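Data from run-v6.json: JSON, C-alpha atoms and all ligand atoms
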```json
[["chain", "number", "residue", "atom", "x", "y", "z"],
["A", 7, "MET", "CA", 110.68, 152.34, 34.71],
["A", 8, "PRO", "CA", 110.40, 151.66, 38.49],
["A", 9, "GLY", "CA", 113.55, 150.42, 40.29],
["A", 10, "SER", "CA", 114.13, 146.76, 41.11],
["A", 11, "ILE", "CA", 113.08, 147.10, 44.77],
["A", 12, "SER", "CA", 109.82, 148.79, 43.75],
["A", 13, "ARG", "CA", 109.19, 146.08, 41.15],
["A", 14, "ARG", "CA", 109.65, 143.37, 43.79],
["A", 15, "LEU", "CA", 107.35, 145.18, 46.23],
["A", 16, "TYR", "CA", 104.72, 145.49, 43.48],
["A", 17, "TRP", "CA", 104.65, 141.72, 42.97],
["A", 18, "LEU", "CA", 103.29, 141.36, 46.54],
["A", 19, "GLY", "CA", 99.99, 142.78, 45.23],
["A", 20, "PRO", "CA", 98.92, 139.76, 43.13],
["A", 21, "VAL", "CA", 100.13, 137.48, 45.96],
["A", 22, "PHE", "CA", 97.82, 139.30, 48.39],
["A", 23, "ILE", "CA", 94.84, 139.19, 46.02],
["A", 24, "THR", "CA", 95.39, 135.43, 45.54],
["A", 25, "CYS", "CA", 95.40, 135.03, 49.35],
["A", 26, "SER", "CA", 92.15, 137.02, 49.69],
["A", 27, "HIS", "CA", 90.49, 134.66, 47.16],
["A", 28, "LEU", "CA", 91.71, 131.63, 49.14],
["A", 29, "GLY", "CA", 90.68, 133.29, 52.42],
["A", 30, "CYS", "CA", 87.03, 133.25, 51.29],
["A", 31, "ALA", "CA", 87.13, 129.50, 52.04],
["A", 32, "LEU", "CA", 87.05, 130.50, 55.73],
["A", 33, "LEU", "CA", 83.34, 131.16, 55.20],
["A", 34, "LEU", "CA", 82.75, 127.43, 54.94],
["A", 35, "VAL", "CA", 83.90, 127.10, 58.55],
["A", 36, "THR", "CA", 82.70, 130.36, 60.13],
["A", 37, "GLY", "CA", 79.58, 131.33, 58.18],
["A", 38, "LEU", "CA", 78.58, 135.01, 58.28],
["A", 39, "GLY", "CA", 76.59, 136.66, 61.07],
["A", 40, "LEU", "CA", 74.82, 140.00, 60.65],
["A", 41, "GLY", "CA", 77.75, 141.94, 62.15],
["A", 42, "ALA", "CA", 80.22, 140.31, 59.75],
["A", 43, "VAL", "CA", 77.93, 141.04, 56.77],
["A", 44, "LEU", "CA", 77.62, 144.72, 57.74],
["A", 45, "TRP", "CA", 81.40, 144.94, 58.25],
["A", 46, "GLY", "CA", 82.06, 143.45, 54.82],
["A", 47, "VAL", "CA", 79.55, 145.79, 53.12],
["A", 48, "ALA", "CA", 80.96, 148.87, 54.90],
["A", 49, "LEU", "CA", 84.50, 147.91, 53.87],
["A", 50, "TYR", "CA", 83.32, 147.43, 50.28],
["A", 51, "LEU", "CA", 81.62, 150.85, 50.04],
["A", 52, "VAL", "CA", 84.34, 152.87, 51.76],
["A", 53, "ARG", "CA", 87.18, 151.29, 49.76],
["A", 54, "MET", "CA", 85.26, 151.46, 46.48],
["A", 55, "LEU", "CA", 84.73, 155.21, 46.99],
["A", 56, "ALA", "CA", 88.43, 155.65, 47.79],
["A", 57, "ILE", "CA", 89.32, 153.94, 44.50],
["A", 58, "THR", "CA", 86.71, 155.69, 42.34],
["A", 59, "ALA", "CA", 86.64, 159.19, 43.84],
["A", 60, "VAL", "CA", 90.29, 159.55, 44.83],
["A", 61, "LEU", "CA", 92.55, 157.15, 42.88],
["A", 62, "HIS", "CA", 90.59, 157.41, 39.65],
["A", 63, "ARG", "CA", 88.78, 160.74, 39.36],
["A", 64, "LEU", "CA", 91.22, 162.82, 41.45],
["A", 65, "ILE", "CA", 94.73, 161.34, 41.20],
["A", 66, "ALA", "CA", 94.58, 159.70, 37.75],
["A", 67, "HIS", "CA", 92.43, 162.31, 35.96],
["A", 68, "ARG", "CA", 92.41, 165.43, 38.16],
["A", 69, "SER", "CA", 88.75, 165.95, 37.35],
["A", 70, "TYR", "CA", 88.56, 168.09, 40.50],
["A", 71, "GLN", "CA", 90.98, 169.74, 42.90],
["A", 72, "ALA", "CA", 91.36, 168.62, 46.52],
["A", 73, "SER", "CA", 93.63, 169.17, 49.49],
["A", 74, "ARG", "CA", 96.59, 166.83, 50.04],
["A", 75, "VAL", "CA", 94.76, 165.23, 52.98],
["A", 76, "VAL", "CA", 92.19, 163.83, 50.52],
["A", 77, "TRP", "CA", 95.03, 162.45, 48.34],
["A", 78, "TRP", "CA", 96.73, 160.79, 51.35],
["A", 79, "VAL", "CA", 93.67, 159.40, 53.18],
["A", 80, "GLY", "CA", 92.06, 158.27, 49.90],
["A", 81, "SER", "CA", 95.25, 156.54, 48.76],
["A", 82, "LEU", "CA", 95.64, 154.79, 52.11],
["A", 83, "LEU", "CA", 92.04, 153.53, 52.10],
["A", 84, "ALA", "CA", 92.30, 152.52, 48.43],
["A", 85, "ALA", "CA", 95.54, 150.62, 49.13],
["A", 86, "SER", "CA", 93.73, 148.72, 51.92],
["A", 87, "SER", "CA", 91.72, 147.05, 49.14],
["A", 88, "GLY", "CA", 94.88, 145.21, 48.02],
["A", 89, "GLN", "CA", 94.72, 146.93, 44.62],
["A", 90, "MET", "CA", 98.12, 148.64, 44.92],
["A", 91, "GLY", "CA", 99.16, 152.23, 45.61],
["A", 92, "PRO", "CA", 98.70, 155.56, 43.80],
["A", 93, "SER", "CA", 101.84, 155.55, 41.58],
["A", 94, "TRP", "CA", 101.31, 152.02, 40.29],
["A", 95, "TRP", "CA", 97.59, 152.64, 39.82],
["A", 96, "LYS", "CA", 97.91, 155.93, 37.96],
["A", 97, "ALA", "CA", 100.76, 154.61, 35.78],
["A", 98, "HIS", "CA", 98.65, 151.71, 34.53],
["A", 99, "HIS", "CA", 95.53, 153.76, 34.15],
["A", 100, "GLN", "CA", 97.28, 156.39, 32.04],
["A", 101, "GLN", "CA", 98.70, 153.58, 29.91],
["A", 102, "HIS", "CA", 95.15, 152.25, 29.42],
["A", 103, "HIS", "CA", 93.86, 155.66, 28.32],
["A", 104, "ARG", "CA", 96.86, 156.31, 26.04],
["A", 105, "HIS", "CA", 96.56, 153.01, 24.17],
["A", 106, "VAL", "CA", 92.92, 152.11, 24.82],
["A", 107, "ASP", "CA", 92.11, 148.70, 23.30],
["A", 108, "GLY", "CA", 95.30, 148.81, 21.20],
["A", 109, "GLN", "CA", 98.90, 147.65, 21.52],
["A", 110, "GLY", "CA", 100.21, 148.91, 24.86],
["A", 111, "ASP", "CA", 96.84, 148.76, 26.69],
["A", 112, "PRO", "CA", 97.79, 146.44, 29.57],
["A", 113, "HIS", "CA", 94.34, 144.99, 30.18],
["A", 114, "THR", "CA", 92.19, 145.28, 27.06],
["A", 115, "PRO", "CA", 89.89, 142.27, 26.55],
["A", 116, "LEU", "CA", 89.82, 142.91, 22.79],
["A", 117, "LEU", "CA", 93.36, 142.51, 21.52],
["A", 118, "ALA", "CA", 94.91, 139.18, 20.51],
["A", 119, "ARG", "CA", 92.90, 137.25, 23.06],
["A", 120, "GLN", "CA", 89.30, 137.01, 21.91],
["A", 121, "GLY", "CA", 86.17, 135.78, 23.74],
["A", 122, "TRP", "CA", 86.52, 134.26, 27.18],
["A", 123, "ARG", "CA", 90.32, 134.34, 27.02],
["A", 124, "GLY", "CA", 90.15, 138.09, 26.45],
["A", 125, "PHE", "CA", 87.72, 138.49, 29.33],
["A", 126, "TRP", "CA", 89.91, 136.59, 31.79],
["A", 127, "HIS", "CA", 93.06, 138.36, 30.66],
["A", 128, "SER", "CA", 91.33, 141.68, 31.35],
["A", 129, "GLN", "CA", 89.69, 140.58, 34.60],
["A", 130, "LEU", "CA", 92.66, 138.88, 36.25],
["A", 131, "GLY", "CA", 95.26, 137.32, 33.97],
["A", 132, "TRP", "CA", 97.15, 140.51, 33.06],
["A", 133, "LEU", "CA", 98.27, 140.83, 36.69],
["A", 134, "LEU", "CA", 100.37, 137.71, 36.15],
["A", 135, "THR", "CA", 102.10, 138.96, 32.97],
["A", 136, "PRO", "CA", 105.08, 141.37, 32.54],
["A", 137, "ASP", "CA", 102.46, 144.06, 31.69],
["A", 138, "PHE", "CA", 101.76, 144.16, 35.41],
["A", 139, "GLN", "CA", 104.91, 146.26, 35.86],
["A", 140, "PRO", "CA", 104.25, 149.87, 34.77],
["A", 141, "GLU", "CA", 106.34, 151.49, 32.02],
["A", 142, "ARG", "CA", 106.98, 154.64, 34.04],
["A", 143, "LEU", "CA", 105.66, 156.15, 37.26],
["A", 144, "PRO", "CA", 103.74, 159.47, 37.33],
["A", 145, "ALA", "CA", 105.93, 162.40, 38.43],
["A", 146, "ASP", "CA", 103.19, 164.24, 40.36],
["A", 147, "VAL", "CA", 102.55, 161.26, 42.64],
["A", 148, "GLU", "CA", 106.23, 160.33, 42.94],
["A", 149, "SER", "CA", 107.13, 163.84, 44.09],
["A", 150, "ASP", "CA", 105.01, 163.42, 47.25],
["A", 151, "PRO", "CA", 106.99, 161.41, 49.86],
["A", 152, "LEU", "CA", 103.86, 160.18, 51.69],
["A", 153, "LEU", "CA", 102.19, 158.98, 48.47],
["A", 154, "ARG", "CA", 105.43, 157.19, 47.51],
["A", 155, "LEU", "CA", 105.49, 155.52, 50.92],
["A", 156, "ILE", "CA", 101.88, 154.34, 50.55],
["A", 157, "ASP", "CA", 102.68, 153.13, 47.02],
["A", 158, "ARG", "CA", 105.73, 151.03, 47.93],
["A", 159, "GLY", "CA", 104.22, 149.92, 51.25],
["A", 160, "HIS", "CA", 100.90, 149.03, 49.60],
["A", 161, "LEU", "CA", 100.77, 145.64, 51.33],
["A", 162, "LEU", "CA", 100.67, 147.07, 54.86],
["A", 163, "PRO", "CA", 97.17, 148.73, 54.79],
["A", 164, "PRO", "CA", 95.32, 145.54, 53.67],
["A", 165, "LEU", "CA", 97.26, 143.44, 56.20],
["A", 166, "ALA", "CA", 96.42, 145.96, 58.95],
["A", 167, "LEU", "CA", 92.75, 145.89, 57.95],
["A", 168, "ALA", "CA", 92.73, 142.08, 57.95],
["A", 169, "TRP", "CA", 94.25, 142.12, 61.45],
["A", 170, "LEU", "CA", 91.69, 144.72, 62.62],
["A", 171, "SER", "CA", 88.83, 142.63, 61.24],
["A", 172, "TRP", "CA", 90.10, 139.60, 63.14],
["A", 173, "GLN", "CA", 90.53, 141.58, 66.38],
["A", 174, "LEU", "CA", 87.04, 143.10, 66.14],
["A", 175, "GLY", "CA", 85.02, 140.02, 65.29],
["A", 176, "GLY", "CA", 87.21, 136.93, 65.14],
["A", 177, "LEU", "CA", 87.51, 134.58, 62.19],
["A", 178, "SER", "CA", 84.06, 135.33, 60.71],
["A", 179, "TRP", "CA", 84.96, 139.04, 60.40],
["A", 180, "LEU", "CA", 88.28, 138.05, 58.85],
["A", 181, "ALA", "CA", 86.30, 135.92, 56.37],
["A", 182, "ALA", "CA", 84.04, 138.94, 55.68],
["A", 183, "PHE", "CA", 87.17, 141.02, 54.99],
["A", 184, "CYS", "CA", 88.41, 138.40, 52.49],
["A", 185, "LEU", "CA", 85.02, 138.21, 50.75],
["A", 186, "SER", "CA", 84.63, 142.00, 50.63],
["A", 187, "THR", "CA", 88.18, 142.40, 49.27],
["A", 188, "THR", "CA", 87.70, 139.72, 46.61],
["A", 189, "VAL", "CA", 84.31, 141.04, 45.42],
["A", 190, "LEU", "CA", 85.73, 144.59, 45.40],
["A", 191, "PHE", "CA", 88.65, 143.42, 43.26],
["A", 192, "HIS", "CA", 86.36, 141.79, 40.67],
["A", 193, "ALA", "CA", 83.94, 144.75, 40.65],
["A", 194, "VAL", "CA", 86.76, 147.19, 39.85],
["A", 195, "ALA", "CA", 88.23, 144.79, 37.29],
["A", 196, "SER", "CA", 84.82, 144.55, 35.58],
["A", 197, "VAL", "CA", 85.31, 148.16, 34.42],
["A", 198, "ASN", "CA", 88.35, 146.96, 32.45],
["A", 199, "SER", "CA", 86.67, 143.82, 31.15],
["A", 200, "VAL", "CA", 82.83, 143.97, 31.03],
["A", 201, "ALA", "CA", 82.66, 147.73, 30.35],
["A", 202, "HIS", "CA", 84.86, 147.21, 27.27],
["A", 203, "LEU", "CA", 82.69, 144.32, 26.00],
["A", 204, "SER", "CA", 79.03, 144.88, 26.81],
["A", 205, "GLY", "CA", 76.79, 147.94, 26.95],
["A", 206, "SER", "CA", 75.84, 151.01, 24.94],
["A", 207, "GLN", "CA", 78.09, 153.51, 23.15],
["A", 208, "PRO", "CA", 76.29, 156.87, 23.06],
["A", 209, "PHE", "CA", 79.57, 158.74, 22.42],
["A", 210, "ALA", "CA", 82.05, 158.42, 19.58],
["A", 211, "THR", "CA", 85.29, 157.19, 21.13],
["A", 212, "GLY", "CA", 86.68, 154.78, 18.51],
["A", 213, "ASP", "CA", 87.35, 152.14, 21.18],
["A", 214, "GLY", "CA", 85.45, 149.36, 22.96],
["A", 215, "SER", "CA", 84.37, 151.39, 26.00],
["A", 216, "ARG", "CA", 80.69, 151.03, 26.88],
["A", 217, "ASN", "CA", 78.11, 152.28, 29.36],
["A", 218, "ASN", "CA", 77.09, 149.27, 31.44],
["A", 219, "PRO", "CA", 74.47, 149.83, 34.18],
["A", 220, "TRP", "CA", 75.40, 146.64, 36.11],
["A", 221, "VAL", "CA", 79.04, 147.67, 36.29],
["A", 222, "ALA", "CA", 77.92, 151.19, 37.27],
["A", 223, "LEU", "CA", 75.85, 149.72, 40.11],
["A", 224, "LEU", "CA", 78.75, 147.62, 41.43],
["A", 225, "THR", "CA", 81.32, 150.41, 41.11],
["A", 226, "LEU", "CA", 79.25, 153.37, 42.34],
["A", 227, "GLY", "CA", 79.14, 155.02, 38.92],
["A", 228, "GLU", "CA", 82.32, 153.90, 37.12],
["A", 229, "GLY", "CA", 80.41, 151.67, 34.71],
["A", 230, "TRP", "CA", 79.39, 154.69, 32.59],
["A", 231, "HIS", "CA", 82.68, 153.96, 30.89],
["A", 232, "ASN", "CA", 81.89, 155.18, 27.36],
["A", 233, "LEU", "CA", 81.29, 158.68, 28.76],
["A", 234, "HIS", "CA", 84.53, 158.33, 30.68],
["A", 235, "HIS", "CA", 86.58, 157.54, 27.57],
["A", 236, "ALA", "CA", 84.86, 160.35, 25.68],
["A", 237, "PHE", "CA", 85.44, 162.88, 28.49],
["A", 238, "ALA", "CA", 88.14, 161.46, 30.77],
["A", 239, "GLY", "CA", 88.43, 164.75, 32.67],
["A", 240, "SER", "CA", 84.74, 164.84, 33.67],
["A", 241, "VAL", "CA", 84.14, 164.50, 37.41],
["A", 242, "ARG", "CA", 80.64, 163.21, 36.63],
["A", 243, "GLN", "CA", 80.53, 159.97, 34.63],
["A", 244, "GLY", "CA", 76.78, 159.37, 34.83],
["A", 245, "ILE", "CA", 75.83, 161.36, 31.74],
["A", 246, "SER", "CA", 74.38, 160.06, 28.49],
["A", 247, "VAL", "CA", 72.58, 161.37, 25.41],
["A", 248, "ARG", "CA", 69.31, 159.89, 24.15],
["A", 249, "ASP", "CA", 67.34, 161.20, 21.19],
["A", 250, "GLY", "CA", 69.45, 164.35, 21.11],
["A", 251, "ARG", "CA", 68.91, 165.10, 24.81],
["A", 252, "ILE", "CA", 71.23, 164.92, 27.83],
["A", 253, "VAL", "CA", 70.26, 162.21, 30.33],
["A", 254, "LEU", "CA", 71.72, 162.15, 33.84],
["A", 255, "LEU", "CA", 72.45, 158.67, 35.21],
["A", 256, "PRO", "CA", 73.02, 157.50, 38.82],
["A", 257, "ASP", "CA", 76.58, 158.27, 39.84],
["A", 258, "PRO", "CA", 77.13, 157.85, 43.63],
["A", 259, "THR", "CA", 80.85, 158.65, 43.31],
["A", 260, "TYR", "CA", 79.98, 162.05, 41.87],
["A", 261, "ARG", "CA", 77.52, 162.64, 44.74],
["A", 262, "PHE", "CA", 80.27, 161.73, 47.19],
["A", 263, "ILE", "CA", 82.63, 164.25, 45.56],
["A", 264, "GLN", "CA", 79.87, 166.86, 45.82],
["A", 265, "VAL", "CA", 79.75, 166.14, 49.57],
["A", 266, "LEU", "CA", 83.54, 166.61, 49.72],
["A", 267, "ALA", "CA", 83.06, 169.96, 47.97],
["A", 268, "TRP", "CA", 80.31, 170.94, 50.43],
["A", 269, "LEU", "CA", 82.71, 170.13, 53.27],
["A", 270, "GLY", "CA", 85.33, 172.36, 51.66],
["A", 271, "LEU", "CA", 87.58, 169.40, 50.78],
["A", 272, "ALA", "CA", 87.10, 169.51, 46.98],
["A", 273, "ARG", "CA", 86.77, 172.32, 44.43],
["A", 274, "GLN", "CA", 86.80, 173.07, 40.70],
["A", 275, "LEU", "CA", 84.68, 170.08, 39.69],
["A", 276, "ARG", "CA", 85.03, 169.73, 35.91],
["A", 277, "ILE", "CA", 81.97, 168.80, 33.80],
["A", 278, "PRO", "CA", 81.84, 169.00, 29.99],
["A", 279, "SER", "CA", 79.45, 171.51, 28.43],
["A", 280, "GLU", "CA", 76.08, 170.40, 27.05],
["A", 281, "ARG", "CA", 77.27, 171.48, 23.60],
["A", 282, "ALA", "CA", 80.39, 169.30, 23.78],
["A", 283, "LEU", "CA", 78.34, 166.31, 25.00],
["A", 284, "LEU", "CA", 75.76, 166.64, 22.23],
["A", 285, "ALA", "CA", 78.45, 167.13, 19.57],
["A", 286, "ARG", "CA", 80.32, 163.99, 20.66],
["A", 287, "ALA", "CA", 77.08, 161.99, 20.69],
["A", 288, "ALA", "CA", 76.08, 163.30, 17.28],
["A", 289, "ALA", "CA", 79.43, 162.08, 15.92],
["A", 290, "THR", "CA", 78.32, 158.46, 16.50],
["A", 291, "ALA", "CA", 75.47, 158.80, 14.00],
["A", 301, "ZN", "ZN", 88.58, 151.81, 29.77],
["A", 302, "ZN", "ZN", 90.09, 156.69, 33.65]]
```

Render the structure in this file as structure tokens.
Amino acid sequence: MPGSISRRLYWLGPVFITCSHLGCALLLVTGLGLGAVLWGVALYLVRMLAITAVLHRLIAHRSYQASRVVWWVGSLLAASSGQMGPSWWKAHHQQHHRHVDGQGDPHTPLLARQGWRGFWHSQLGWLLTPDFQPERLPADVESDPLLRLIDRGHLLPPLALAWLSWQLGGLSWLAAFCLSTTVLFHAVASVNSVAHLSGSQPFATGDGSRNNPWVALLTLGEGWHNLHHAFAGSVRQGISVRDGRIVLLPDPTYRFIQVLAWLGLARQLRIPSERALLARAAATA
């Protein structure tokens, strides 16, 4: 259980995300020029990759090995999205995988709250419940002083990025930052909500996880969520099985990790064997 100071610092996250939603109203005054649009899109892509490739596939699941620099820079960029730091993030994500769609899953759309209520709980509402505070923090992240600092100081990177946006392009770039941050938040949250409600289930997982191409598009490959729950340690999530054959699906995050490996920054990329994939798919029949 995190200490009381950490718990108070964590509550600043939902406050920031609420402010980024409200900040989108700036668009009504400033509009968006081409520069602001490009800035918002660049911020979306860079921060999405930091969340998917580093927070999720590296820190939470260790689906590949990487130098500490990748852990630190990725965590800092991911924190600039206003979606908290590496300890908080990994703690909740492990809780989700341990209890998926059952008691103890902090953001399942399927338990107790059905239909639209379940969707909104999963998309946003759970951040405003006691479940928002993690049960316990992961020891591997907590043992790194810099990662701890990024985790507890998670509010500073998004505030710095908001300030930078304003300095570079005035209020319209600040509005683009708010829009990019808000859309990024909902895209990542759609993995928890939409990808547990709608899509295909080629693999036997016994939970609600689904492969959803729209979520995969928005999240650079994280929407292949049924594969992810079947093989959580796989660095590549864009894999399916159709008619007894392996099908490779678009997975930009995996391509990005391959680039990291080519640059010598990542190694030991873990991918399940064809036999294991086919066996898991056959179990659904
Ligand atoms: Zn899930
Ligand atoms: Zn995961």

> Can you tell me, as a list in words, what residues are no more than 7 Å from stretch 67-81 of chain A when counting only C-alpha atoms, ignoring any on the same chain fewer than 4 positions away?
Replying inline: Ala56, Val60, Leu61, His62, Arg63, Ala85, Gly91, Pro92, Leu153, Ala238, Gly239, Ser240, Val241, Leu271, Ala272, Arg273, Gln274, Leu275 and Arg276 of chain A

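Going from atom CA of A:Leu223 over to atom CA of A:Leu190, you cover 12.3 Å.
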
> Quick one: residues within 12 Å of A:Leu167, only C-alpha atoms counted, chain neighbours fewer than 5 positions away excluded, as a VMD selection string?
Replying inline: chain A and resid 45 to 46 49 53 82 to 88 161 to 162 172 to 174 179 to 184 186 to 187

>> Set the distance at 10 Å and use only C-alpha atoms: which residues neighbour A:Val106 once local chain neighbours fewer than 5 positions away are removed? I'd like the list as an MDAnalysis selection string.
In response: chainID A and resid 99:101 111:114 116 202 211:215 235

Extending 5 Å beyond the listed atoms of stretch 216-220 of chain A on each side, what axis-aligned box results? I want centre and edge lengths in Å to one decimal, as JSON.
```
{"center_x": 77.6, "center_y": 149.5, "center_z": 31.5, "size_x": 16.2, "size_y": 15.6, "size_z": 19.2}
```

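One distance worth recording is that between atom CA of A:Leu117 and atom CA of A:Leu203, which is 11.7 Å.
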
>> Please report the interatomic distance between atom CA of A:Arg216 and atom CA of A:Thr135 in Å with one decimal.
In response: 25.3 Å

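In this comparison, which uses all atoms listed in the file, the residue of A:Trp126, A:Trp132, A:Trp17, A:Trp230 approaching ligand ZN 301 (chain A) most closely is A:Trp230.
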
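Nearest to A:Thr24 of all the residues A:Asn217, A:Leu233, A:Ser196, A:Gln89 is A:Gln89, based on all atoms listed in the file.
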
Since the input lacks atoms, please generate N, CA and C atoms for stretch 32-45 of chain A and provide them as a JSON list (two decimals), in the frame of the given file.
```json
[["chain", "number", "residue", "atom", "x", "y", "z"],
["A", 32, "LEU", "N", 87.34, 130.44, 54.29],
["A", 32, "LEU", "CA", 87.05, 130.50, 55.73],
["A", 32, "LEU", "C", 85.55, 130.51, 56.00],
["A", 33, "LEU", "N", 84.80, 131.07, 55.04],
["A", 33, "LEU", "CA", 83.34, 131.16, 55.20],
["A", 33, "LEU", "C", 82.70, 129.80, 55.41],
["A", 34, "LEU", "N", 83.31, 128.78, 54.81],
["A", 34, "LEU", "CA", 82.75, 127.43, 54.94],
["A", 34, "LEU", "C", 82.79, 126.97, 56.39],
["A", 35, "VAL", "N", 83.75, 127.50, 57.15],
["A", 35, "VAL", "CA", 83.90, 127.10, 58.55],
["A", 35, "VAL", "C", 83.13, 128.05, 59.46],
["A", 36, "THR", "N", 83.23, 129.36, 59.18],
["A", 36, "THR", "CA", 82.70, 130.36, 60.13],
["A", 36, "THR", "C", 81.27, 130.78, 59.83],
["A", 37, "GLY", "N", 80.85, 130.72, 58.57],
["A", 37, "GLY", "CA", 79.58, 131.33, 58.18],
["A", 37, "GLY", "C", 79.68, 132.84, 58.34],
["A", 38, "LEU", "N", 78.56, 133.55, 58.14],
["A", 38, "LEU", "CA", 78.58, 135.01, 58.28],
["A", 38, "LEU", "C", 77.39, 135.47, 59.10],
["A", 39, "GLY", "N", 77.66, 136.06, 60.27],
["A", 39, "GLY", "CA", 76.59, 136.66, 61.07],
["A", 39, "GLY", "C", 76.26, 138.05, 60.54],
["A", 40, "LEU", "N", 75.24, 138.68, 61.12],
["A", 40, "LEU", "CA", 74.82, 140.00, 60.65],
["A", 40, "LEU", "C", 75.95, 141.03, 60.78],
["A", 41, "GLY", "N", 76.66, 140.99, 61.92],
["A", 41, "GLY", "CA", 77.75, 141.94, 62.15],
["A", 41, "GLY", "C", 78.83, 141.80, 61.08],
["A", 42, "ALA", "N", 79.17, 140.55, 60.75],
["A", 42, "ALA", "CA", 80.22, 140.31, 59.75],
["A", 42, "ALA", "C", 79.76, 140.80, 58.37],
["A", 43, "VAL", "N", 78.46, 140.58, 58.06],
["A", 43, "VAL", "CA", 77.93, 141.04, 56.77],
["A", 43, "VAL", "C", 78.02, 142.57, 56.68],
["A", 44, "LEU", "N", 77.58, 143.26, 57.75],
["A", 44, "LEU", "CA", 77.62, 144.72, 57.74],
["A", 44, "LEU", "C", 79.06, 145.24, 57.64],
["A", 45, "TRP", "N", 80.00, 144.57, 58.31],
["A", 45, "TRP", "CA", 81.40, 144.94, 58.25],
["A", 45, "TRP", "C", 81.92, 144.80, 56.81]]
```
